[in-house]
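Structure data follow from coords.pdb (PDB, C-alpha atoms):
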MODEL        1
ATOM      1  CA  MET J  98      -9.880  18.439   9.996
ATOM      2  CA  HIS J  99      -9.951  22.239   9.722
ATOM      3  CA  PHE J 100      -8.070  23.712   6.772
ATOM      4  CA  LYS J 101      -5.370  25.433   8.877
ATOM      5  CA  GLU J 102      -4.648  22.148  10.627
ATOM      6  CA  LEU J 103      -4.665  20.292   7.311
ATOM      7  CA  ILE J 104      -2.075  22.537   5.651
ATOM      8  CA  ARG J 105       0.136  22.408   8.743
ATOM      9  CA  SER J 106      -0.001  18.616   8.964
ATOM     10  CA  ARG J 107       0.759  17.856   5.295
ATOM     11  CA  TYR J 108       4.394  16.993   4.630
ATOM     12  CA  SER J 109       6.480  15.072   2.104
ATOM     13  CA  VAL J 110       6.414  11.470   3.280
ATOM     14  CA  ARG J 111       9.418   9.312   2.469
ATOM     15  CA  LYS J 112       8.764   6.413   4.849
ATOM     16  CA  TYR J 113       5.661   4.336   4.215
ATOM     17  CA  HIS J 114       4.118   1.213   5.652
ATOM     18  CA  GLU J 115       4.064  -1.496   3.007
ATOM     19  CA  ASN J 116       0.252  -1.753   3.098
ATOM     20  CA  LYS J 117      -1.418  -0.784  -0.172
ATOM     21  CA  VAL J 118      -4.058   1.927  -0.254
ATOM     22  CA  ASN J 119      -7.451   0.630  -1.349
ATOM     23  CA  ARG J 120      -8.760   1.898  -4.651
ATOM     24  CA  THR J 121     -11.751   3.653  -3.108
ATOM     25  CA  LEU J 122      -9.388   5.978  -1.224
ATOM     26  CA  LEU J 123      -7.153   6.357  -4.284
ATOM     27  CA  LYS J 124     -10.185   7.454  -6.302
ATOM     28  CA  GLU J 125     -11.045  10.019  -3.611
ATOM     29  CA  VAL J 126      -7.543  11.446  -3.833
ATOM     30  CA  VAL J 127      -7.562  11.617  -7.641
ATOM     31  CA  ASN J 128     -11.068  13.061  -7.605
ATOM     32  CA  ALA J 129      -9.768  15.963  -5.517
ATOM     33  CA  GLY J 130      -7.269  16.648  -8.309
ATOM     34  CA  ARG J 131      -9.979  16.333 -10.932
ATOM     35  CA  LEU J 132     -12.041  18.958  -9.122
ATOM     36  CA  ALA J 133      -9.177  21.461  -9.033
ATOM     37  CA  PRO J 134      -9.543  24.684 -10.991
ATOM     38  CA  SER J 135      -7.658  25.059 -14.258
ATOM     39  CA  ALA J 136      -7.115  27.996 -16.585
ATOM     40  CA  ALA J 137     -10.209  28.438 -18.785
ATOM     41  CA  ASN J 138     -11.436  25.127 -17.324
ATOM     42  CA  ARG J 139      -9.317  23.235 -19.876
ATOM     43  CA  GLN J 140      -8.449  20.455 -17.382
ATOM     44  CA  PRO J 141      -5.296  19.440 -19.304
ATOM     45  CA  TRP J 142      -4.557  16.411 -17.154
ATOM     46  CA  LYS J 143      -4.736  12.656 -16.873
ATOM     47  CA  PHE J 144      -3.941  10.559 -13.804
ATOM     48  CA  VAL J 145      -2.598   7.000 -13.740
ATOM     49  CA  VAL J 146      -2.574   5.189 -10.408
ATOM     50  CA  VAL J 147       0.088   2.497 -10.215
ATOM     51  CA  ASP J 148      -0.656   0.010  -7.448
ATOM     52  CA  GLU J 149       0.200  -3.364  -9.001
ATOM     53  CA  ASP J 150       3.609  -4.646  -7.919
ATOM     54  CA  ASP J 151       4.928  -5.601 -11.369
ATOM     55  CA  VAL J 152       4.173  -2.167 -12.857
ATOM     56  CA  LEU J 153       5.270  -0.354  -9.688
ATOM     57  CA  GLU J 154       8.676  -2.071  -9.748
ATOM     58  CA  LYS J 155       9.248  -0.727 -13.262
ATOM     59  CA  VAL J 156       8.103   2.780 -12.335
ATOM     60  CA  LYS J 157      10.556   2.785  -9.425
ATOM     61  CA  THR J 158      13.420   2.683 -11.951
ATOM     62  CA  ALA J 159      12.491   6.210 -13.114
ATOM     63  CA  TYR J 160      13.756   7.744  -9.859
ATOM     64  CA  SER J 161      16.825   6.282  -8.174
ATOM     65  CA  ARG J 162      16.382   6.933  -4.482
ATOM     66  CA  ASP J 163      16.437   4.377  -1.670
ATOM     67  CA  TRP J 164      13.190   5.625  -0.142
ATOM     68  CA  PHE J 165      11.416   5.506  -3.540
ATOM     69  CA  ASP J 166      12.179   1.782  -3.796
ATOM     70  CA  LYS J 167       9.890   1.209  -0.815
ATOM     71  CA  ILE J 168       6.777   3.108  -1.932
ATOM     72  CA  PRO J 169       3.489   1.165  -1.939
ATOM     73  CA  GLY J 170       1.919   3.194  -4.761
ATOM     74  CA  VAL J 171       2.271   6.198  -7.022
ATOM     75  CA  ILE J 172       0.073   8.459  -9.102
ATOM     76  CA  ILE J 173       1.558   9.585 -12.408
ATOM     77  CA  ILE J 174       0.223  12.981 -13.398
ATOM     78  CA  TYR J 175       0.213  13.786 -17.095
ATOM     79  CA  GLY J 176      -0.278  17.180 -18.699
ATOM     80  CA  ASN J 177      -1.423  18.043 -22.189
ATOM     81  CA  HIS J 178       0.224  21.234 -23.442
ATOM     82  CA  GLU J 179      -1.908  21.139 -26.593
ATOM     83  CA  GLU J 180      -5.120  21.357 -24.531
ATOM     84  CA  SER J 181      -3.931  23.832 -21.909
ATOM     85  CA  TRP J 182      -4.799  27.499 -21.958
ATOM     86  CA  LYS J 183      -2.188  29.981 -23.219
ATOM     87  CA  ARG J 184      -2.164  33.624 -22.184
ATOM     88  CA  SER J 185      -2.822  35.753 -25.284
ATOM     89  CA  TYR J 186      -0.223  38.418 -24.501
ATOM     90  CA  ASP J 187       2.816  36.154 -24.440
ATOM     91  CA  GLU J 188       1.542  32.571 -25.035
ATOM     92  CA  LYS J 189       2.414  31.606 -21.434
ATOM     93  CA  ASP J 190       1.387  27.928 -21.165
ATOM     94  CA  HIS J 191      -0.590  27.228 -17.977
ATOM     95  CA  CYS J 192      -0.434  23.411 -18.158
ATOM     96  CA  ASP J 193       2.192  23.038 -15.436
ATOM     97  CA  ILE J 194       0.352  25.545 -13.234
ATOM     98  CA  ASP J 195      -2.906  23.625 -13.634
ATOM     99  CA  ILE J 196      -1.132  20.363 -12.824
ATOM    100  CA  ALA J 197       0.425  21.915  -9.711
ATOM    101  CA  ILE J 198      -2.993  22.990  -8.449
ATOM    102  CA  ALA J 199      -4.412  19.497  -9.054
ATOM    103  CA  ILE J 200      -1.497  17.867  -7.234
ATOM    104  CA  ASP J 201      -1.871  20.241  -4.310
ATOM    105  CA  HIS J 202      -5.547  19.285  -4.036
ATOM    106  CA  MET J 203      -4.558  15.596  -4.072
ATOM    107  CA  THR J 204      -1.882  16.014  -1.393
ATOM    108  CA  LEU J 205      -4.341  17.774   0.896
ATOM    109  CA  MET J 206      -7.072  15.173   0.341
ATOM    110  CA  ALA J 207      -4.598  12.381   1.005
ATOM    111  CA  THR J 208      -3.577  14.060   4.257
ATOM    112  CA  GLU J 209      -7.206  14.388   5.320
ATOM    113  CA  LEU J 210      -7.671  10.656   4.654
ATOM    114  CA  GLY J 211      -4.647   9.747   6.809
ATOM    115  CA  LEU J 212      -2.413   9.061   3.817
ATOM    116  CA  GLY J 213       0.997  10.436   2.997
ATOM    117  CA  THR J 214       2.341  11.742  -0.290
ATOM    118  CA  CYS J 215       5.543  13.043  -1.781
ATOM    119  CA  TRP J 216       5.572  15.121  -4.939
ATOM    120  CA  VAL J 217       8.432  14.017  -7.223
ATOM    121  CA  CYS J 218       9.452  16.004 -10.298
ATOM    122  CA  HIS J 219      13.053  14.832 -10.712
ATOM    123  CA  PHE J 220      12.401  11.551 -12.529
ATOM    124  CA  ASN J 221      13.174  10.179 -15.971
ATOM    125  CA  PRO J 222      10.073  10.737 -18.150
ATOM    126  CA  GLU J 223      11.435   8.424 -20.869
ATOM    127  CA  VAL J 224      11.344   5.540 -18.394
ATOM    128  CA  ILE J 225       7.713   6.334 -17.541
ATOM    129  CA  ASN J 226       6.816   6.589 -21.236
ATOM    130  CA  GLY J 227       8.398   3.170 -21.773
ATOM    131  CA  ILE J 228       6.205   1.618 -19.065
ATOM    132  CA  ILE J 229       2.836   3.309 -19.472
ATOM    133  CA  LYS J 230       1.479   3.534 -23.002
ATOM    134  CA  ASN J 231       1.316   7.259 -23.606
ATOM    135  CA  GLU J 232      -1.366   9.125 -25.523
ATOM    136  CA  GLU J 233      -0.469  11.749 -28.122
ATOM    137  CA  GLY J 234       0.218  15.127 -26.523
ATOM    138  CA  LEU J 235       0.553  13.873 -22.948
ATOM    139  CA  GLU J 236       3.694  14.500 -20.918
ATOM    140  CA  PRO J 237       4.414  12.861 -17.548
ATOM    141  CA  ILE J 238       4.889  15.948 -15.379
ATOM    142  CA  ALA J 239       5.046  14.591 -11.834
ATOM    143  CA  LEU J 240       4.907  11.478  -9.705
ATOM    144  CA  LEU J 241       2.940  11.548  -6.467
ATOM    145  CA  THR J 242       3.855   8.747  -4.095
ATOM    146  CA  ILE J 243       0.998   7.626  -1.905
ATOM    147  CA  GLY J 244       0.633   5.333   1.081
ATOM    148  CA  TYR J 245       0.265   5.117   4.833
ATOM    149  CA  PRO J 246       3.032   7.107   6.512
ATOM    150  CA  GLN J 247       5.181   5.442   9.156
ATOM    151  CA  GLU J 248       5.281   8.708  11.106
ATOM    152  CA  ILE J 249       1.966  10.475  11.638
ATOM    153  CA  LYS J 250       3.287  13.714  13.116
ATOM    154  CA  ALA J 251       4.616  16.178  10.564
ATOM    155  CA  PRO J 252       8.210  17.269  11.098
ATOM    156  CA  GLU J 253       8.876  20.895  12.005
ATOM    157  CA  LYS J 254       8.457  23.010   8.871
ATOM    158  CA  VAL J 255      11.065  25.632   8.122
ATOM    159  CA  ARG J 256       9.413  28.508   6.301
ATOM    160  CA  LYS J 257      10.344  32.095   5.685
ATOM    161  CA  ASN J 258       8.655  34.654   7.902
ATOM    162  CA  ILE J 259       5.547  36.262   6.367
ATOM    163  CA  ASP J 260       7.328  39.647   6.299
ATOM    164  CA  GLU J 261      10.027  38.151   4.057
ATOM    165  CA  VAL J 262       7.561  37.090   1.370
ATOM    166  CA  LEU J 263       4.688  39.574   1.597
ATOM    167  CA  THR J 264       4.483  43.208   0.561
ATOM    168  CA  PHE J 265       1.565  45.451  -0.253
ATOM    169  CA  ASN J 266       1.376  47.541  -3.415
ATOM    170  CA  SER J 267       5.041  47.246  -4.402
ATOM    171  CA  LEU J 268       8.031  44.947  -4.168
TER     172      LEU J 268
ENDMDL
END

When written as structure tokens, how does the structure in this file appear?
Amino acid sequence: MHFKELIRSRYSVRKYHENKVNRTLLKEVVNAGRLAPSAANRQPWKFVVVDEDDVLEKVKTAYSRDWFDKIPGVIIIYGNHEESWKRSYDEKDHCDIDIAIAIDHMTLMATELGLGTCWVCHFNPEVINGIIKNEEGLEPIALLTIGYPQEIKAPEKVRKNIDEVLTFNSL
């Protein structure tokens, strides 16, 4: 798939078939995140794929939405703010930025493989920490649902016109 087609066809999937994604494909998706650039190449991330039903049922309690109860799998993305690069001028922490780039790489790879994803940030991190044994310094930053979408065609995207978001040389 050409890149322009790929970015147009990716969308947030909230209806999945119940079939599980095999671990070979899951590794391909996570590997795309692993290969993402990060500030100063710090790679302040860890990824936990949850595909076993007993663990998945517990993870589902971290985000109370009907559609989330029906997901076949999820990737928990952790960030380490102690390892991430900080800008020297103001100590701006780039951990969340690095994680966002990694997740974007994973969503695009999943789309190329015929999988669907939905990036979830509004979840209870304490619930996740109670389920997955956490390492010192790691914070669960996002959940990325993953599975085979029920609808292949992406819905119409509503985006601002390029002239509303782009200027040259000044705001």

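As for CA of Arg139 (chain J) and CA of Asp195 (chain J), they are spaced 9.0 Å apart.
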
(message) I'd like to know which of J:Glu188, J:Asp166, J:Glu209, J:Asp193 is closest to Val126 (chain J), using only C-alpha atoms.
(response)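 Looking only at the distances to Val126 (chain J), the closest residue turns out to be J:Glu209.
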
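For the structure shown here, the set of residues caught by the PyMOL selection byres ((chain J and resi 176) around 7) is Pro141, Trp142, Lys143, Ile174, Tyr175, Asn177, His178, Cys192, Ile196, Leu235, Glu236, Pro237 and Ile238 of chain J.
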
(request) Tell me which of J:Val110, J:Lys101, J:Ile194, J:Ile200 sits closest to Ala129 (chain J), counting all atoms listed in the file. (result) J:Ile200

Show me, as a short mmCIF file (atom, residue, chain, number, x, y, z; two decimals) with C-alpha atoms, in the coordinates of the input, the residues that have an atom within 12 Å of Asp148 (chain J) when counting only C-alpha atoms, minus same-chain residues fewer than 5 positions from it.
data_model
loop_
_atom_site.label_atom_id
_atom_site.label_comp_id
_atom_site.auth_asym_id
_atom_site.auth_seq_id
_atom_site.Cartn_x
_atom_site.Cartn_y
_atom_site.Cartn_z
CA GLU J 115 4.06 -1.50 3.01
CA ASN J 116 0.25 -1.75 3.10
CA LYS J 117 -1.42 -0.78 -0.17
CA VAL J 118 -4.06 1.93 -0.25
CA ASN J 119 -7.45 0.63 -1.35
CA ARG J 120 -8.76 1.90 -4.65
CA LEU J 123 -7.15 6.36 -4.28
CA LEU J 153 5.27 -0.35 -9.69
CA GLU J 154 8.68 -2.07 -9.75
CA LYS J 155 9.25 -0.73 -13.26
CA VAL J 156 8.10 2.78 -12.34
CA LYS J 157 10.56 2.78 -9.43
CA ILE J 168 6.78 3.11 -1.93
CA PRO J 169 3.49 1.16 -1.94
CA GLY J 170 1.92 3.19 -4.76
CA VAL J 171 2.27 6.20 -7.02
CA ILE J 172 0.07 8.46 -9.10
CA ILE J 173 1.56 9.59 -12.41
CA THR J 242 3.86 8.75 -4.10
CA ILE J 243 1.00 7.63 -1.90
CA GLY J 244 0.63 5.33 1.08
#

(request) Can you work out the spacing between CA of Gly211 (chain J) and CA of Ala159 (chain J) in Å, to one decimal? (result) 26.5 Å

Give me the region 148-259 of chain J side of the contact with region 105-108 of chain J, cut-off 8 Å, one line per residue showing its nearest atom pair and distance in Å at one decimal, counting all atoms listed in the file, sorted by chain and residue number, as JSON lines.
{"residue": "J:Thr204", "atom": "CA", "partner": "J:Arg107", "partner_atom": "CA", "distance": 7.4}
{"residue": "J:Leu205", "atom": "CA", "partner": "J:Arg107", "partner_atom": "CA", "distance": 6.7}
{"residue": "J:Thr208", "atom": "CA", "partner": "J:Arg107", "partner_atom": "CA", "distance": 5.9}
{"residue": "J:Gly213", "atom": "CA", "partner": "J:Tyr108", "partner_atom": "CA", "distance": 7.6}
{"residue": "J:Thr214", "atom": "CA", "partner": "J:Tyr108", "partner_atom": "CA", "distance": 7.5}
{"residue": "J:Cys215", "atom": "CA", "partner": "J:Tyr108", "partner_atom": "CA", "distance": 7.6}
{"residue": "J:Lys250", "atom": "CA", "partner": "J:Ser106", "partner_atom": "CA", "distance": 7.2}
{"residue": "J:Ala251", "atom": "CA", "partner": "J:Ser106", "partner_atom": "CA", "distance": 5.5}
{"residue": "J:Pro252", "atom": "CA", "partner": "J:Tyr108", "partner_atom": "CA", "distance": 7.5}

(request) Would you mind listing what lies within 9 Å of Met203 (chain J) as a VMD selection string, with only C-alpha atoms counted and same-chain residues fewer than 6 positions away left out? (result) chain J and resid 125 to 131 133 214 241

Report as JSON the centre and the edge lengths, in Å to one decimal, of the axis-aligned box holding every listed atom of region 150-162 of chain J, padded by 4 Å on each side.
{"center_x": 10.2, "center_y": 1.1, "center_z": -8.9, "size_x": 21.2, "size_y": 21.3, "size_z": 16.8}

(request) List the residues selected by the PyMOL selection byres ((chain J and resi 224) around 12) in the file shown, writing them as a ChimeraX atom specification. (result) /J:152,154-161,220-223,225-231,237

(request) Work out how far apart CA of Glu253 (chain J) and CA of Val217 (chain J) are and give it in Å to one decimal. (result)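 Taking CA of Glu253 (chain J) as the start and CA of Val217 (chain J) as the end point, the length is 20.4 Å.
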
(message) Using all atoms listed in the file for the distances, tell me which of J:His202, J:Trp216, J:Phe265, J:Val145 is nearest to Ala239 (chain J).
(response)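 The answer is J:Trp216, which sits nearest to Ala239 (chain J).
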
(request) Name the closest residue to Met206 (chain J) among the candidates J:Gln247, J:Leu122, J:His114, J:Arg184; distances are taken between atoms, counting all atoms listed in the file. (result)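 Closest residue, counting all atoms listed in the file: J:Leu122.
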
(request) Could you check which of J:Glu149, J:Glu232, J:Asp190, J:Tyr113 is closest to Ile249 (chain J), using only C-alpha atoms? (result) J:Tyr113

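Among the candidates J:His219, J:Asp163, J:His191, J:Thr121, the one nearest to Val146 (chain J) when counting all atoms listed in the file is J:Thr121.
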